[in-house]
$ cat input.txt   # compact mmCIF, C-alpha atoms
# COMPACT_ATOMS: atom_id res chain seq x y z
CA MET X 1 0.00 0.00 0.00
CA PRO X 2 1.35 3.46 -0.87
CA THR X 3 2.19 6.01 1.79
CA LEU X 4 -0.32 8.79 2.38
CA HIS X 5 1.71 11.31 0.37
CA GLU X 6 2.10 8.83 -2.50
CA TYR X 7 -1.64 8.12 -2.46
CA ILE X 8 -2.49 11.84 -2.51
CA SER X 9 0.01 12.59 -5.28
CA LEU X 10 -1.47 9.77 -7.40
CA LYS X 11 -5.02 11.09 -6.84
CA LEU X 12 -3.88 14.58 -7.82
CA ILE X 13 -2.15 13.35 -10.97
CA GLU X 14 -5.28 11.32 -11.88
CA SER X 15 -7.30 14.54 -11.61
CA GLY X 16 -5.15 16.08 -14.36
CA VAL X 17 -2.94 18.53 -12.49
CA SER X 18 0.82 18.86 -12.27
CA VAL X 19 2.12 18.11 -8.78
CA PHE X 20 5.20 19.67 -7.21
CA LYS X 21 6.77 18.90 -3.84
CA PRO X 22 8.72 21.70 -2.14
CA LEU X 23 12.45 20.99 -1.80
CA ASN X 24 12.59 23.01 1.40
CA THR X 25 11.92 20.53 4.22
CA SER X 26 10.86 23.33 6.56
CA SER X 27 7.95 24.27 4.29
CA ASP X 28 4.49 23.72 5.73
CA ILE X 29 3.15 23.09 2.21
CA ASP X 30 3.02 19.42 1.17
CA PHE X 31 2.27 19.99 -2.53
CA ALA X 32 2.03 22.82 -5.03
CA ILE X 33 -0.49 22.15 -7.78
CA ARG X 34 -0.50 23.63 -11.29
CA THR X 35 -3.78 23.34 -13.16
CA GLY X 36 -4.21 23.21 -16.94
CA ASP X 37 -4.77 26.97 -17.16
CA GLY X 38 -1.54 27.71 -15.28
CA THR X 39 -3.11 28.53 -11.92
CA TYR X 40 -1.23 27.41 -8.82
CA THR X 41 -2.73 26.19 -5.56
CA GLU X 42 -1.10 24.83 -2.43
CA VAL X 43 -2.04 21.79 -0.35
CA ILE X 44 -1.33 20.96 3.29
CA ILE X 45 -2.18 17.38 4.28
CA ARG X 46 -3.63 16.64 7.70
CA GLU X 47 -4.34 13.28 9.30
CA PRO X 48 -6.83 12.80 12.15
CA ILE X 49 -5.83 13.92 15.64
CA SER X 50 -6.06 10.28 16.80
CA GLN X 51 -7.50 6.89 15.83
CA LYS X 52 -10.27 7.45 18.36
CA ASP X 53 -11.05 10.91 17.04
CA SER X 54 -10.76 10.08 13.34
CA SER X 55 -12.93 12.96 12.12
CA SER X 56 -11.03 15.79 13.85
CA PHE X 57 -8.11 17.60 12.27
CA GLN X 58 -5.75 20.05 13.93
CA MET X 59 -3.80 22.90 12.36
CA ASP X 60 -1.46 25.41 13.90
CA ARG X 61 -2.85 28.88 13.36
CA PHE X 62 -2.12 30.23 9.91
CA ARG X 63 -3.17 33.06 7.64
CA PRO X 64 -5.85 31.70 5.28
CA ARG X 65 -5.19 32.27 1.60
CA ALA X 66 -7.59 31.85 -1.32
CA HIS X 67 -5.29 29.37 -3.07
CA LEU X 68 -4.50 27.22 0.00
CA PHE X 69 -6.33 23.94 0.68
CA ILE X 70 -6.19 21.83 3.83
CA LEU X 71 -6.54 18.22 2.72
CA CYS X 72 -7.99 16.30 5.67
CA VAL X 73 -7.55 12.54 5.22
CA THR X 74 -9.48 10.10 7.41
CA SER X 75 -8.07 6.74 8.47
CA ASN X 76 -9.89 5.04 5.56
CA TYR X 77 -8.40 7.54 3.05
CA GLU X 78 -11.53 9.66 2.64
CA CYS X 79 -10.22 13.03 1.50
CA TRP X 80 -11.74 16.40 2.34
CA LEU X 81 -10.32 19.21 0.15
CA ILE X 82 -11.18 22.15 2.37
CA PRO X 83 -10.19 25.69 1.40
CA SER X 84 -8.14 27.32 4.17
CA ILE X 85 -10.74 30.08 4.52
CA VAL X 86 -13.42 27.46 5.23
CA PHE X 87 -11.15 25.58 7.65
CA GLU X 88 -10.56 28.76 9.64
CA ARG X 89 -14.26 29.70 9.67
CA PHE X 90 -15.56 26.33 10.88
CA ALA X 91 -12.71 25.19 13.16
CA SER X 92 -12.87 25.63 16.91
CA GLY X 93 -10.25 27.30 19.04
CA ALA X 94 -10.12 30.48 21.07
CA PRO X 95 -8.18 33.42 19.63
CA VAL X 96 -5.39 32.90 22.18
CA GLU X 97 -4.94 29.19 21.40
CA ALA X 98 -2.05 28.12 19.19
CA SER X 99 -4.12 25.85 16.96
CA TRP X 100 -7.55 25.18 15.46
CA VAL X 101 -9.48 21.90 15.38
CA LEU X 102 -11.97 21.04 12.66
CA ASN X 103 -14.35 18.27 13.76
CA LEU X 104 -16.26 16.86 10.81
CA GLY X 105 -18.39 14.63 13.06
CA THR X 106 -19.69 11.18 12.27
CA PRO X 107 -21.14 10.43 8.82
CA ASN X 108 -24.47 9.36 10.36
CA ASP X 109 -24.97 12.67 12.15
CA ILE X 110 -27.32 14.68 9.90
CA GLU X 111 -26.48 17.96 11.62
CA SER X 112 -22.73 17.36 11.71
CA LEU X 113 -20.28 19.83 10.29
CA GLY X 114 -19.19 17.05 7.95
CA GLU X 115 -22.67 17.00 6.44
CA ARG X 116 -22.60 20.78 5.97
CA LEU X 117 -19.17 20.57 4.35
CA SER X 118 -19.84 17.38 2.35
CA VAL X 119 -19.37 19.27 -0.93
CA TYR X 120 -15.62 19.22 -0.17
CA ARG X 121 -15.44 15.43 0.34
CA ASP X 122 -13.37 13.68 -2.37
CA ARG X 123 -13.96 16.67 -4.67
CA TRP X 124 -10.65 16.62 -6.56
CA SER X 125 -12.11 18.87 -9.25
CA LEU X 126 -11.83 21.80 -6.82
CA LEU X 127 -8.09 21.66 -7.49
CA SER X 128 -8.09 20.57 -11.13
CA ASN X 129 -10.72 23.23 -12.03
CA TYR X 130 -9.72 25.78 -9.42
CA THR X 131 -10.42 28.82 -11.61
CA LYS X 132 -13.94 27.58 -12.35
CA TYR X 133 -14.87 27.23 -8.66
CA LYS X 134 -12.69 29.96 -7.13
CA SER X 135 -15.50 32.48 -6.63
CA THR X 136 -17.69 30.04 -4.64
CA LEU X 137 -15.08 28.01 -2.72
CA SER X 138 -15.57 29.86 0.56
CA ASP X 139 -19.34 29.18 0.69
CA PRO X 140 -20.38 25.49 0.80
CA VAL X 141 -23.97 26.24 -0.28
CA ALA X 142 -22.92 28.45 -3.20
CA LEU X 143 -20.37 25.82 -4.22
CA LYS X 144 -23.06 23.10 -4.27
CA VAL X 145 -25.20 25.30 -6.52
CA ARG X 146 -22.23 26.04 -8.81
CA ILE X 147 -21.43 22.33 -9.13
CA ALA X 148 -25.09 21.48 -9.83
CA MET X 149 -25.18 24.09 -12.60
CA GLY X 150 -22.20 22.45 -14.29
$ encode --input "input.txt" --output "structure tokens"
Amino acid sequence: MPTLHEYISLKLIESGVSVFKPLNTSSDIDFAIRTGDGTYTEVIIREPISQKDSSSFQMDRFRPRAHLFILCVTSNYECWLIPSIVFERFASGAPVEASWVLNLGTPNDIESLGERLSVYRDRWSLLSNYTKYKSTLSDPVALKVRIAMG
């Protein structure tokens, strides 16, 4: 079985983007992505906080950027491609805390945050067609409408 980074890079390549890995080992970015129209996005991969809490993902505080995605990967390799702006908005953590936690909840919980953000689950086209979806990425409802319209 491939490592998590290998699995993600294969999924990205399958979606039709060019994938770059920073040479600087101190970089917080796991991949830089170049789409067909020349647009670049960045991806940070996050695994669950623990096996027990497999739907919660922690990030040190950061400055959200329109072209930055937090890729939350569950223990069964379910991938949530969440724009950094959305991660910041929906994550918990007091302003004085050093990190944020995004809890997507259980799949069976109808009112869970995961249900509200389900449009980002395994939606690789958000990266491969970034320019197409850019204007609606920060609003899950608007993004669902945009995807439904084609």
$ closest_residue --input "input.txt" --among "X:Tyr77, X:Phe57, X:Tyr40, X:Tyr120" --to "Leu102 in chain X" --atoms "only C-alpha atoms"
X:Phe57
$ closest_residue --input "input.txt" --among "X:Ser18, X:Ser118, X:Ser135, X:Thr3" --to "Thr39 in chain X" --atoms "only C-alpha atoms"
X:Ser18
$ atom_distance --input "input.txt" --atom1 "CA of Ser54 in chain X" --atom2 "CA of Glu78 in chain X"
10.7 Å
$ residues_around --input "input.txt" --residues "Ile33 in chain X" --least-positions-apart "2" --cutoff "7 Å" --atoms "all atoms listed in the file" --output "PyMOL selection string"
chain X and resi 17-20+31+35+40-42
$ closest_atom_pairs --input "input.txt" --of "range 60-81 of chain X" --to "range 44-47 of chain X" --cutoff "7 Å" --atoms "only C-alpha atoms" --output "CSV"
residue,atom,partner,partner_atom,distance
X:Phe69,CA,X:Ile44,CA,6.4
X:Ile70,CA,X:Ile44,CA,5.0
X:Leu71,CA,X:Ile45,CA,4.7
X:Cys72,CA,X:Arg46,CA,4.8
X:Val73,CA,X:Glu47,CA,5.2
X:Thr74,CA,X:Glu47,CA,6.3
$ closest_residue --input "input.txt" --among "X:Ala32, X:Gly38, X:Pro22, X:Val86" --to "Thr136 in chain X" --atoms "all atoms listed in the file"
X:Val86
